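S.K.: What follows is a structure written as structure tokens; I'll ask about it next.
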Amino acid sequence: MSSLEQPPGAERVIIKAGSHLSLPYFLAGRRGARKDAENLESCAASMVPLTANPVESIGSSAPRTATAAAPAAAPISTPSLLAAMLRTSTKISDLFFSPGKPPLVEINGKLVPAGTARALTSQDTRRIATDLIGNNVDATDNLRKLGSCDVSYSLPGSNRFRVNIFMQRGACAVVMRVIPGSVPDFESMNLPSELAKVVGLRNGIVLVTGPTGSGKSTTLAAIIDKINKEQFYHVLTIEDPIEFLHPHKNCIVHQRELHADTPSFALALRAALRQAPKVILVGEMRDRETIEIAMEAAETGHLVLSTLHTIDAAKTVERIVGAFPMAEQHTLRNRLAQSFRYIISQRLIPRKDGTGRVAAIEILKSTLRTREYVEKGESDGKTLLDAMRVGSQDGMQCFDGEIERLIRQGILDMDTGLAYATNAGNLQLELADLAAERTADPLLETAET
């Protein structure tokens with residue numbers, strides 16, 4: 001039997017061309033296909049009464065059958081649940097809502113239950129998603145058509161959140177990134193002093209890179225706040241969604257949110273060239289068009305700040321160059337070499353004492369040497385990593401050098417530091433003296449026995 005043929009006696013289902021239910025139906029290909037499609041429809045448009053959802057409304061007293069169990073407990077309101085979860089710790093980075101598990105929070109990289117011990121149902125997560133989306137029609141359409149959406153949410157008198165709602169197994173799941181109520185202060189974050197020089201730049205591109213949850217947005221917010229205090233500029237941000245709210249200080253700061261204020265990064269960035277900003281923050285360089293316009297802005301006298309999901313400076317250059325066809329890459333390398341000012345990469349690493357995480361920061365700075373390597377490409381003995389290792393006098397630093405420093409200061413455990421290193425083998429050789437000292441330390445030997 002073909003995968004598209006129906007078994008004997010099966011109900012015949014006809015799906016019209018163009019229907020958004022056709023894709024999930026044929027992907028499922030089995031008896032649960034129609035049920036999954038209905039769940040997708042009901043979650044994306046929770047705002048519409050369910051007609052065929054097998055899960056009842058929470059708190060409803062109507063039994064499913066004559067022998068149904070007692071009704072479920074009334075649901076906690078979404079704001080009350082969020083507030084209860086935030087009271088768990090002051091170091092929460094993310095909140096998670098998934099069917100089959102109780103609400104979870106991430107504290108120092110580990111998930112723990114919070115708010116309520118009861119496992120959530122698919123209808124719980126659908127209701128939470130509904131509350132978070134509110135009247136955002138674009139987000140509802142994206143969830144229905146694309147299977148996920150991004151929104152921002154504010155808890156009155158408390159925190160703001162960057163929210164992603166997505167479909168999995170036909171039900172809604174929600175991840176919320178906690179955004180501090182106040183803009184981070186550059187000095188209090190103990191960022192490398194070299195990054196303060198970004199404030200004085202007049203043009204060019206500054207990129208902050210790293211994996212999800214590495215603090216890229218926080219670092220950029222601290223830089224924007226320092227510019228806001230020390231310069232007298234028009235600053236324009238384009239974000240998805242807006243995270244930190246910057247008040248006007250010496251600068252005027254206009255913040256545009258994707259879908260609410262503009263349909264795309266590229267269109268907003270092109271419009272920004274006619275809005276007389278001195279500084280433009282682009283939430284993320286997602287595609288070739290955005291990269292192209294950002295470089296154009298940098299080349300025409302604007303300071304452009306943005307992020308990329310890359311693990312280090314060298315991979316960042318390759319990601320940007322690789323977004324363009326081979327025939328254009330040589331020209332692109334030349335333009336990037338002339339326009340980039342800093343590539344800052346971050347990794348958050350658990351502290352040895354278990355009290356949180358510490359940022360290891362890699363800094364690639366535009367110098368005669370690094371511009372040559374970007375323009376001509378890396379080769380043996382001429383890599384961006386080599387340039388950073390010997391570029392401390394120019395303010396550059398590499399991950400492994402920073403991790404070695406943190407291990408020697410007792411902030412990081414050696415095994416943990418090696419796990420986050422770019423080249424663990426080389427770093428282990430650099431730390432050979434420290435390992436030998438620990439092995440020979442009689443106090444350590446006594447503690448181990």
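Chains: A, B, ... in order of the structure tokens. Residues: from 1 per chain. Ligands: from 1, in order shown.
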I'd like the neighbourhood of segment 191-202 of chain A as a list of chain:residue names, where a residue qualifies if any of its atoms comes within 8 Å (using only C-alpha atoms), though same-chain residues fewer than 2 positions away should be ignored.

M.R.: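 So the residues in contact are A:Phe186, A:Glu187, A:Met189, A:Gly204, A:Val206, A:Ile223, A:Lys226, A:Ile227, A:Glu230, A:Gln231, A:Lys278, A:Gly301, A:His302, A:Leu303, A:Gly395.
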
S.K.: Those selected residues, please, written with N, CA and C atoms and delivered as a PDB file, in the first residue's frame.

M.R.:
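Below is the file that was written, part07.pdb:
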ATOM      1  N   PHE A 186      27.306  49.324  32.011  1.00  0.00           N
ATOM      2  CA  PHE A 186      28.548  48.821  31.431  1.00  0.00           C
ATOM      3  C   PHE A 186      29.580  48.527  32.521  1.00  0.00           C
ATOM      4  N   GLU A 187      29.748  49.454  33.432  1.00  0.00           N
ATOM      5  CA  GLU A 187      30.784  49.294  34.457  1.00  0.00           C
ATOM      6  C   GLU A 187      30.478  48.128  35.400  1.00  0.00           C
ATOM      7  N   MET A 189      29.003  45.425  34.814  1.00  0.00           N
ATOM      8  CA  MET A 189      29.081  44.112  34.165  1.00  0.00           C
ATOM      9  C   MET A 189      30.503  43.582  34.046  1.00  0.00           C
ATOM     10  N   GLY A 204      31.359  51.950  10.941  1.00  0.00           N
ATOM     11  CA  GLY A 204      31.828  50.570  10.929  1.00  0.00           C
ATOM     12  C   GLY A 204      30.824  49.614  11.549  1.00  0.00           C
ATOM     13  N   VAL A 206      30.190  46.530  14.388  1.00  0.00           N
ATOM     14  CA  VAL A 206      30.602  45.824  15.602  1.00  0.00           C
ATOM     15  C   VAL A 206      29.639  44.662  15.785  1.00  0.00           C
ATOM     16  N   ILE A 223      26.372  48.522  25.978  1.00  0.00           N
ATOM     17  CA  ILE A 223      27.100  49.434  25.078  1.00  0.00           C
ATOM     18  C   ILE A 223      26.198  50.578  24.633  1.00  0.00           C
ATOM     19  N   LYS A 226      25.801  53.046  27.404  1.00  0.00           N
ATOM     20  CA  LYS A 226      26.989  53.886  27.581  1.00  0.00           C
ATOM     21  C   LYS A 226      27.038  54.975  26.509  1.00  0.00           C
ATOM     22  N   ILE A 227      26.670  54.616  25.274  1.00  0.00           N
ATOM     23  CA  ILE A 227      26.574  55.623  24.211  1.00  0.00           C
ATOM     24  C   ILE A 227      25.517  56.659  24.571  1.00  0.00           C
ATOM     25  N   GLU A 230      27.042  59.067  27.113  1.00  0.00           N
ATOM     26  CA  GLU A 230      28.256  59.825  26.816  1.00  0.00           C
ATOM     27  C   GLU A 230      28.240  60.565  25.485  1.00  0.00           C
ATOM     28  N   GLN A 231      27.344  60.202  24.582  1.00  0.00           N
ATOM     29  CA  GLN A 231      27.288  60.852  23.282  1.00  0.00           C
ATOM     30  C   GLN A 231      25.985  61.646  23.134  1.00  0.00           C
ATOM     31  N   LYS A 278      22.945  58.075  13.949  1.00  0.00           N
ATOM     32  CA  LYS A 278      24.393  57.892  13.991  1.00  0.00           C
ATOM     33  C   LYS A 278      24.736  56.450  14.341  1.00  0.00           C
ATOM     34  N   GLY A 301      28.980  55.895   6.817  1.00  0.00           N
ATOM     35  CA  GLY A 301      29.176  56.739   7.989  1.00  0.00           C
ATOM     36  C   GLY A 301      28.348  56.415   9.198  1.00  0.00           C
ATOM     37  N   HIS A 302      27.719  55.235   9.249  1.00  0.00           N
ATOM     38  CA  HIS A 302      26.939  54.849  10.423  1.00  0.00           C
ATOM     39  C   HIS A 302      27.707  53.801  11.233  1.00  0.00           C
ATOM     40  N   LEU A 303      27.485  53.814  12.541  1.00  0.00           N
ATOM     41  CA  LEU A 303      27.996  52.748  13.395  1.00  0.00           C
ATOM     42  C   LEU A 303      26.888  51.711  13.531  1.00  0.00           C
ATOM     43  N   GLY A 395      44.504  45.212  22.454  1.00  0.00           N
ATOM     44  CA  GLY A 395      43.230  45.004  23.132  1.00  0.00           C
ATOM     45  C   GLY A 395      42.531  43.719  22.756  1.00  0.00           C
TER      46      GLY A 395
END

S.K.: Per DSSP on the backbone, what are the helix (DSSP H, G or I) residues of segment 87-209 of chain A, as a VMD selection string?

M.R.: chain A and resid 122 to 133 137 to 146 187 to 189 193 to 200

S.K.: Could you save the residues just selected, with C-alpha atoms, as a PDB file, in the first residue's frame?

M.R.:
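Result file follows (result16.pdb):
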ATOM      1  CA  SER A 122      -1.736  20.782  26.215  1.00  0.00           C
ATOM      2  CA  GLN A 123      -4.700  23.007  27.017  1.00  0.00           C
ATOM      3  CA  ASP A 124      -2.713  24.711  29.811  1.00  0.00           C
ATOM      4  CA  THR A 125       0.087  25.621  27.428  1.00  0.00           C
ATOM      5  CA  ARG A 126      -2.416  26.735  24.791  1.00  0.00           C
ATOM      6  CA  ARG A 127      -4.060  29.067  27.314  1.00  0.00           C
ATOM      7  CA  ILE A 128      -0.672  30.482  28.392  1.00  0.00           C
ATOM      8  CA  ALA A 129       0.267  31.029  24.733  1.00  0.00           C
ATOM      9  CA  THR A 130      -3.032  32.817  24.170  1.00  0.00           C
ATOM     10  CA  ASP A 131      -2.388  35.183  27.087  1.00  0.00           C
ATOM     11  CA  LEU A 132       1.138  35.945  25.876  1.00  0.00           C
ATOM     12  CA  ILE A 133       0.157  36.564  22.245  1.00  0.00           C
ATOM     13  CA  VAL A 137      -2.383  39.158  14.717  1.00  0.00           C
ATOM     14  CA  ASP A 138       1.033  38.727  13.042  1.00  0.00           C
ATOM     15  CA  ALA A 139       2.190  36.378  15.797  1.00  0.00           C
ATOM     16  CA  THR A 140      -1.016  34.360  15.492  1.00  0.00           C
ATOM     17  CA  ASP A 141      -0.575  34.063  11.729  1.00  0.00           C
ATOM     18  CA  ASN A 142       3.074  33.016  12.106  1.00  0.00           C
ATOM     19  CA  LEU A 143       2.152  30.346  14.640  1.00  0.00           C
ATOM     20  CA  ARG A 144      -0.569  29.007  12.372  1.00  0.00           C
ATOM     21  CA  LYS A 145       1.429  29.092   9.137  1.00  0.00           C
ATOM     22  CA  LEU A 146       5.051  28.642  10.274  1.00  0.00           C
ATOM     23  CA  GLU A 187      30.784  49.294  34.457  1.00  0.00           C
ATOM     24  CA  SER A 188      28.872  46.918  36.736  1.00  0.00           C
ATOM     25  CA  MET A 189      29.081  44.112  34.165  1.00  0.00           C
ATOM     26  CA  SER A 193      37.866  47.867  29.070  1.00  0.00           C
ATOM     27  CA  GLU A 194      38.582  47.546  25.335  1.00  0.00           C
ATOM     28  CA  LEU A 195      34.838  47.397  24.653  1.00  0.00           C
ATOM     29  CA  ALA A 196      34.411  50.892  26.056  1.00  0.00           C
ATOM     30  CA  LYS A 197      36.181  52.136  22.922  1.00  0.00           C
ATOM     31  CA  VAL A 198      33.120  51.128  20.878  1.00  0.00           C
ATOM     32  CA  VAL A 199      31.403  54.216  22.292  1.00  0.00           C
ATOM     33  CA  GLY A 200      33.882  56.466  20.487  1.00  0.00           C
TER      34      GLY A 200
END

S.K.: With only C-alpha atoms counted and 12 Å as the cut-off, give the residues of segment 315-334 of chain A in contact with segment 355-364 of chain A, each with its shortest interatomic distance in Å and the pair that gives it, as CSV.

M.R.:
residue,atom,partner,partner_atom,distance
A:Lys315,CA,A:Leu364,CA,11.9
A:Thr316,CA,A:Leu364,CA,10.7
A:Val317,CA,A:Leu364,CA,10.8

S.K.: Which value, in Å to one decimal, gives the distance between atom CA of Glu430 of chain A and atom CA of Gln346 of chain A?

M.R.: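 Going from atom CA of Glu430 of chain A over to atom CA of Gln346 of chain A, I get 21.4 Å.
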
S.K.: Point out the residue among A:Arg286, A:Lys249, A:Arg256, A:Lys382 with the least atom-to-atom distance to Ala272 of chain A, counting only C-alpha atoms.

M.R.: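 Among the listed residues, the smallest separation from Ala272 of chain A belongs to A:Arg256.
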
S.K.: Can you list, as a VMD selection string, every protein, DNA or RNA residue that comes within 9 Å of segment 289-299 of chain A when you count only C-alpha atoms, leaving out same-chain residues fewer than 5 positions away?

M.R.: chain A and resid 203 to 205 265 to 267 269 to 270 272 to 273 280 282 284 304 to 306 320 323 335 to 336 338 to 340

S.K.: Restricted to C-alpha atoms, what would the selected residues look like written as a compact mmCIF listing (two decimals), in the first residue's frame?

M.R.:
# COMPACT_ATOMS: atom_id res chain seq x y z
CA ASN A 203 31.31 54.23 11.72
CA GLY A 204 31.83 50.57 10.93
CA ILE A 205 30.35 47.28 12.10
CA PHE A 265 14.99 43.76 9.35
CA ALA A 266 16.03 44.57 5.80
CA LEU A 267 13.21 47.04 5.17
CA LEU A 269 17.45 48.97 7.95
CA ARG A 270 16.99 50.46 4.50
CA ALA A 272 16.99 53.81 8.69
CA LEU A 273 19.40 55.28 6.13
CA ILE A 280 21.96 51.56 14.29
CA VAL A 282 20.14 45.41 14.26
CA GLU A 284 20.32 39.89 14.26
CA VAL A 304 26.14 49.43 13.06
CA LEU A 305 25.85 47.02 16.00
CA SER A 306 24.44 43.53 15.53
CA ILE A 320 29.06 36.31 6.65
CA ALA A 323 25.97 33.97 2.84
CA ARG A 335 34.26 45.25 2.06
CA LEU A 336 34.06 43.39 5.38
CA GLN A 338 37.33 47.64 5.61
CA SER A 339 34.08 47.98 7.58
CA PHE A 340 34.37 45.72 10.64

S.K.: May I ask for the distance between atom CA of Ile242 of chain A and atom CA of Ser89 of chain A, given in Å to one decimal place?

M.R.: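 Interatomic distance, atom CA of Ile242 of chain A to atom CA of Ser89 of chain A: 24.1 Å.
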
S.K.: Find the distance between atom CA of Val163 of chain A and atom CA of Arg177 of chain A and write it in Å to one decimal.

M.R.: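 These atoms are spaced 6.3 Å apart.
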
S.K.: With only C-alpha atoms as the counted atoms, please give the residues lying no more than 7 Å from segment 326-333 of chain A, apart from itself and same-chain residues fewer than 4 positions off, as a list in words.

M.R.: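 Skipping anything fewer than 4 positions along the chain leaves Val321, Ala337, Val374 and Glu375 of chain A.
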
S.K.: Mind checking which residues fall within 12 Å of Val253 of chain A, counting only C-alpha atoms, ignoring those fewer than 4 positions away in the same chain, and posting them as a PDB file with N, CA and C atoms, in the first residue's frame?

M.R.:
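What ended up in around.pdb:
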ATOM      1  N   ALA A 221      23.137  45.907  24.984  1.00  0.00           N
ATOM      2  CA  ALA A 221      22.341  46.884  25.736  1.00  0.00           C
ATOM      3  C   ALA A 221      23.236  47.758  26.601  1.00  0.00           C
ATOM      4  N   ILE A 224      24.951  50.261  24.250  1.00  0.00           N
ATOM      5  CA  ILE A 224      24.004  51.301  23.849  1.00  0.00           C
ATOM      6  C   ILE A 224      23.754  52.271  25.001  1.00  0.00           C
ATOM      7  N   ASP A 225      23.635  51.756  26.204  1.00  0.00           N
ATOM      8  CA  ASP A 225      23.402  52.624  27.364  1.00  0.00           C
ATOM      9  C   ASP A 225      24.590  53.553  27.601  1.00  0.00           C
ATOM     10  N   ILE A 227      26.670  54.616  25.274  1.00  0.00           N
ATOM     11  CA  ILE A 227      26.574  55.623  24.211  1.00  0.00           C
ATOM     12  C   ILE A 227      25.517  56.659  24.571  1.00  0.00           C
ATOM     13  N   ASN A 228      24.406  56.188  25.102  1.00  0.00           N
ATOM     14  CA  ASN A 228      23.295  57.067  25.491  1.00  0.00           C
ATOM     15  C   ASN A 228      23.719  58.081  26.551  1.00  0.00           C
ATOM     16  N   LYS A 229      24.639  57.688  27.413  1.00  0.00           N
ATOM     17  CA  LYS A 229      25.101  58.570  28.489  1.00  0.00           C
ATOM     18  C   LYS A 229      26.188  59.532  28.036  1.00  0.00           C
ATOM     19  N   GLN A 231      27.344  60.202  24.582  1.00  0.00           N
ATOM     20  CA  GLN A 231      27.288  60.852  23.282  1.00  0.00           C
ATOM     21  C   GLN A 231      25.985  61.646  23.134  1.00  0.00           C
ATOM     22  N   PHE A 232      25.849  62.346  22.020  1.00  0.00           N
ATOM     23  CA  PHE A 232      24.655  63.147  21.744  1.00  0.00           C
ATOM     24  C   PHE A 232      24.179  62.796  20.332  1.00  0.00           C
ATOM     25  N   TYR A 233      23.625  61.594  20.212  1.00  0.00           N
ATOM     26  CA  TYR A 233      23.311  61.015  18.916  1.00  0.00           C
ATOM     27  C   TYR A 233      21.830  60.692  18.792  1.00  0.00           C
ATOM     28  N   HIS A 234      21.459  60.340  17.555  1.00  0.00           N
ATOM     29  CA  HIS A 234      20.192  59.652  17.310  1.00  0.00           C
ATOM     30  C   HIS A 234      20.530  58.171  17.187  1.00  0.00           C
ATOM     31  N   VAL A 235      19.987  57.364  18.090  1.00  0.00           N
ATOM     32  CA  VAL A 235      20.229  55.914  18.089  1.00  0.00           C
ATOM     33  C   VAL A 235      18.943  55.219  17.676  1.00  0.00           C
ATOM     34  N   LEU A 236      19.041  54.304  16.711  1.00  0.00           N
ATOM     35  CA  LEU A 236      17.880  53.571  16.210  1.00  0.00           C
ATOM     36  C   LEU A 236      18.128  52.081  16.380  1.00  0.00           C
ATOM     37  N   THR A 237      17.188  51.369  17.007  1.00  0.00           N
ATOM     38  CA  THR A 237      17.317  49.925  17.158  1.00  0.00           C
ATOM     39  C   THR A 237      16.198  49.229  16.396  1.00  0.00           C
ATOM     40  N   ILE A 238      16.518  48.063  15.827  1.00  0.00           N
ATOM     41  CA  ILE A 238      15.552  47.228  15.113  1.00  0.00           C
ATOM     42  C   ILE A 238      15.650  45.844  15.742  1.00  0.00           C
ATOM     43  N   PHE A 244      15.461  45.269  25.984  1.00  0.00           N
ATOM     44  CA  PHE A 244      15.672  46.326  26.968  1.00  0.00           C
ATOM     45  C   PHE A 244      15.069  47.641  26.466  1.00  0.00           C
ATOM     46  N   LEU A 245      14.372  48.341  27.346  1.00  0.00           N
ATOM     47  CA  LEU A 245      13.771  49.626  26.996  1.00  0.00           C
ATOM     48  C   LEU A 245      14.738  50.742  27.379  1.00  0.00           C
ATOM     49  N   HIS A 246      15.254  51.457  26.387  1.00  0.00           N
ATOM     50  CA  HIS A 246      16.236  52.512  26.629  1.00  0.00           C
ATOM     51  C   HIS A 246      15.532  53.874  26.716  1.00  0.00           C
ATOM     52  N   PRO A 247      15.623  54.544  27.853  1.00  0.00           N
ATOM     53  CA  PRO A 247      15.047  55.897  27.937  1.00  0.00           C
ATOM     54  C   PRO A 247      15.948  56.896  27.222  1.00  0.00           C
ATOM     55  N   HIS A 248      15.392  58.027  26.831  1.00  0.00           N
ATOM     56  CA  HIS A 248      16.214  59.092  26.253  1.00  0.00           C
ATOM     57  C   HIS A 248      17.097  59.684  27.349  1.00  0.00           C
ATOM     58  N   LYS A 249      18.382  59.772  27.078  1.00  0.00           N
ATOM     59  CA  LYS A 249      19.308  60.447  27.997  1.00  0.00           C
ATOM     60  C   LYS A 249      19.969  61.571  27.197  1.00  0.00           C
ATOM     61  N   PRO A 277      20.144  58.416  11.703  1.00  0.00           N
ATOM     62  CA  PRO A 277      20.759  57.932  12.944  1.00  0.00           C
ATOM     63  C   PRO A 277      22.279  57.945  12.829  1.00  0.00           C
ATOM     64  N   LYS A 278      22.945  58.075  13.949  1.00  0.00           N
ATOM     65  CA  LYS A 278      24.393  57.892  13.991  1.00  0.00           C
ATOM     66  C   LYS A 278      24.736  56.450  14.341  1.00  0.00           C
ATOM     67  N   VAL A 279      23.874  55.821  15.160  1.00  0.00           N
ATOM     68  CA  VAL A 279      24.090  54.441  15.603  1.00  0.00           C
ATOM     69  C   VAL A 279      22.844  53.629  15.259  1.00  0.00           C
ATOM     70  N   ILE A 280      23.057  52.463  14.628  1.00  0.00           N
ATOM     71  CA  ILE A 280      21.958  51.557  14.293  1.00  0.00           C
ATOM     72  C   ILE A 280      22.242  50.204  14.924  1.00  0.00           C
ATOM     73  N   LEU A 281      21.291  49.717  15.721  1.00  0.00           N
ATOM     74  CA  LEU A 281      21.410  48.371  16.280  1.00  0.00           C
ATOM     75  C   LEU A 281      20.439  47.457  15.545  1.00  0.00           C
TER      76      LEU A 281
END

S.K.: Do you know which residues are at most 10 Å from Glu257 of chain A counting only C-alpha atoms, after dropping those on the same chain fewer than 5 positions away, and could you put them as a list in words?

M.R.: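 The neighbour list is Val151, Ser152, Thr237, Ile238, Glu239, Asp240, Pro241, Ile242, Glu243, Thr262, Pro263, Ser264, Phe265, Ala268 and Gly283 of chain A.
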
S.K.: Got time to write the residues from that selection, C-alpha atoms, as a PDB file, in the first residue's frame?

M.R.:
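Listed below is the output, again_18.pdb:
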ATOM      1  CA  VAL A 151       6.554  38.166  20.909  1.00  0.00           C
ATOM      2  CA  SER A 152       7.496  40.324  23.870  1.00  0.00           C
ATOM      3  CA  THR A 237      17.317  49.925  17.158  1.00  0.00           C
ATOM      4  CA  ILE A 238      15.552  47.228  15.113  1.00  0.00           C
ATOM      5  CA  GLU A 239      14.703  44.211  17.277  1.00  0.00           C
ATOM      6  CA  ASP A 240      12.643  41.005  17.279  1.00  0.00           C
ATOM      7  CA  PRO A 241      11.199  41.632  19.782  1.00  0.00           C
ATOM      8  CA  ILE A 242      12.313  44.732  21.717  1.00  0.00           C
ATOM      9  CA  GLU A 243      14.118  43.572  24.841  1.00  0.00           C
ATOM     10  CA  THR A 262       8.254  47.035  10.502  1.00  0.00           C
ATOM     11  CA  PRO A 263       7.781  43.841   8.445  1.00  0.00           C
ATOM     12  CA  SER A 264      11.479  42.883   8.206  1.00  0.00           C
ATOM     13  CA  PHE A 265      14.993  43.757   9.348  1.00  0.00           C
ATOM     14  CA  ALA A 268      13.713  48.753   8.520  1.00  0.00           C
ATOM     15  CA  GLY A 283      18.906  42.590  16.507  1.00  0.00           C
TER      16      GLY A 283
END

S.K.: Running DSSP on the backbone, which parts of segment 182-422 of chain A land in strand (DSSP E), as a PyMOL selection string?

M.R.: chain A and resi 204-209+234-239+252-257+279-282+303-308+340-350+357-365

S.K.: For those residues, write N, CA and C atoms to a file as a short mmCIF file (atom, residue, chain, number, x, y, z; two decimals), in the first residue's frame.

M.R.:
data_model
loop_
_atom_site.label_atom_id
_atom_site.label_comp_id
_atom_site.auth_asym_id
_atom_site.auth_seq_id
_atom_site.Cartn_x
_atom_site.Cartn_y
_atom_site.Cartn_z
N GLY A 204 31.36 51.95 10.94
CA GLY A 204 31.83 50.57 10.93
C GLY A 204 30.82 49.61 11.55
N ILE A 205 31.21 48.34 11.56
CA ILE A 205 30.35 47.28 12.10
C ILE A 205 30.99 46.67 13.34
N VAL A 206 30.19 46.53 14.39
CA VAL A 206 30.60 45.82 15.60
C VAL A 206 29.64 44.66 15.78
N LEU A 207 30.16 43.46 15.83
CA LEU A 207 29.34 42.25 15.97
C LEU A 207 29.58 41.60 17.32
N VAL A 208 28.49 41.19 17.98
CA VAL A 208 28.57 40.42 19.21
C VAL A 208 27.99 39.04 18.89
N THR A 209 28.78 38.00 19.07
CA THR A 209 28.37 36.67 18.66
C THR A 209 28.43 35.69 19.82
N HIS A 234 21.46 60.34 17.56
CA HIS A 234 20.19 59.65 17.31
C HIS A 234 20.53 58.17 17.19
N VAL A 235 19.99 57.36 18.09
CA VAL A 235 20.23 55.91 18.09
C VAL A 235 18.94 55.22 17.68
N LEU A 236 19.04 54.30 16.71
CA LEU A 236 17.88 53.57 16.21
C LEU A 236 18.13 52.08 16.38
N THR A 237 17.19 51.37 17.01
CA THR A 237 17.32 49.92 17.16
C THR A 237 16.20 49.23 16.40
N ILE A 238 16.52 48.06 15.83
CA ILE A 238 15.55 47.23 15.11
C ILE A 238 15.65 45.84 15.74
N GLU A 239 14.61 45.41 16.46
CA GLU A 239 14.70 44.21 17.28
C GLU A 239 13.51 43.28 17.06
N ILE A 252 18.72 60.50 21.74
CA ILE A 252 17.35 60.02 21.57
C ILE A 252 17.45 58.61 21.01
N VAL A 253 16.69 57.71 21.61
CA VAL A 253 16.74 56.29 21.24
C VAL A 253 15.37 55.87 20.74
N HIS A 254 15.28 55.53 19.46
CA HIS A 254 14.05 55.02 18.88
C HIS A 254 14.19 53.52 18.69
N GLN A 255 13.20 52.77 19.16
CA GLN A 255 13.26 51.31 19.09
C GLN A 255 12.09 50.79 18.27
N ARG A 256 12.42 50.06 17.20
CA ARG A 256 11.40 49.50 16.30
C ARG A 256 11.36 47.98 16.46
N GLU A 257 10.15 47.45 16.55
CA GLU A 257 9.98 46.01 16.74
C GLU A 257 9.48 45.36 15.46
N VAL A 279 23.87 55.82 15.16
CA VAL A 279 24.09 54.44 15.60
C VAL A 279 22.84 53.63 15.26
N ILE A 280 23.06 52.46 14.63
CA ILE A 280 21.96 51.56 14.29
C ILE A 280 22.24 50.20 14.92
N LEU A 281 21.29 49.72 15.72
CA LEU A 281 21.41 48.37 16.28
C LEU A 281 20.44 47.46 15.54
N VAL A 282 20.96 46.41 14.95
CA VAL A 282 20.14 45.41 14.26
C VAL A 282 20.15 44.15 15.13
N LEU A 303 27.49 53.81 12.54
CA LEU A 303 28.00 52.75 13.40
C LEU A 303 26.89 51.71 13.53
N VAL A 304 27.14 50.49 13.06
CA VAL A 304 26.14 49.43 13.06
C VAL A 304 26.54 48.37 14.08
N LEU A 305 25.64 48.06 15.00
CA LEU A 305 25.85 47.02 16.00
C LEU A 305 24.87 45.89 15.72
N SER A 306 25.34 44.64 15.80
CA SER A 306 24.44 43.53 15.53
C SER A 306 24.97 42.25 16.17
N THR A 307 24.20 41.16 16.02
CA THR A 307 24.59 39.87 16.59
C THR A 307 24.54 38.79 15.52
N LEU A 308 25.27 37.71 15.79
CA LEU A 308 25.22 36.49 14.97
C LEU A 308 25.35 35.29 15.90
N PHE A 340 34.52 46.23 9.28
CA PHE A 340 34.37 45.72 10.64
C PHE A 340 35.33 46.44 11.59
N ARG A 341 34.86 46.67 12.81
CA ARG A 341 35.68 47.31 13.84
C ARG A 341 36.02 46.34 14.96
N TYR A 342 35.01 45.61 15.42
CA TYR A 342 35.21 44.59 16.46
C TYR A 342 34.30 43.40 16.17
N ILE A 343 34.80 42.21 16.46
CA ILE A 343 33.96 41.01 16.54
C ILE A 343 34.16 40.45 17.94
N ILE A 344 33.10 40.49 18.73
CA ILE A 344 33.15 40.11 20.15
C ILE A 344 32.36 38.82 20.30
N SER A 345 33.01 37.78 20.78
CA SER A 345 32.34 36.49 20.98
C SER A 345 32.29 36.16 22.47
N GLN A 346 31.19 35.54 22.89
CA GLN A 346 30.98 35.28 24.32
C GLN A 346 30.61 33.82 24.57
N ARG A 347 31.05 33.32 25.72
CA ARG A 347 30.61 32.03 26.24
C ARG A 347 30.39 32.17 27.74
N LEU A 348 29.26 31.70 28.23
CA LEU A 348 28.99 31.70 29.67
C LEU A 348 29.36 30.34 30.23
N ILE A 349 30.24 30.34 31.24
CA ILE A 349 30.79 29.10 31.78
C ILE A 349 30.46 29.00 33.27
N PRO A 350 29.98 27.83 33.75
CA PRO A 350 29.65 27.68 35.18
C PRO A 350 30.86 27.92 36.07
N ARG A 357 27.40 31.79 36.59
CA ARG A 357 28.26 31.62 35.41
C ARG A 357 29.07 32.89 35.18
N VAL A 358 30.21 32.71 34.56
CA VAL A 358 31.10 33.83 34.25
C VAL A 358 31.29 33.89 32.74
N ALA A 359 31.39 35.10 32.22
CA ALA A 359 31.53 35.27 30.77
C ALA A 359 33.00 35.22 30.37
N ALA A 360 33.30 34.36 29.40
CA ALA A 360 34.61 34.37 28.74
C ALA A 360 34.40 35.09 27.41
N ILE A 361 35.19 36.13 27.17
CA ILE A 361 34.96 36.99 26.01
C ILE A 361 36.18 37.01 25.11
N GLU A 362 35.94 36.79 23.81
CA GLU A 362 36.98 36.86 22.79
C GLU A 362 36.79 38.16 22.01
N ILE A 363 37.89 38.86 21.76
CA ILE A 363 37.81 40.15 21.06
C ILE A 363 38.75 40.14 19.86
N LEU A 364 38.17 40.31 18.68
CA LEU A 364 38.94 40.50 17.45
C LEU A 364 38.78 41.96 17.06
N LYS A 365 39.89 42.66 16.93
CA LYS A 365 39.87 44.09 16.62
C LYS A 365 40.42 44.33 15.21
#

S.K.: Nearest residue to Ala117 of chain A out of A:Tyr420, A:Leu81, A:Gly134, A:Thr310, using only C-alpha atoms?

M.R.: A:Leu81

S.K.: Please provide as a ChimeraX atom specification all residues within 9 Å of Ala114 of chain A, with the sequence filter that same-chain residues fewer than 4 positions apart are discarded (counting only C-alpha atoms).

M.R.: /A:81,84-88,102-105
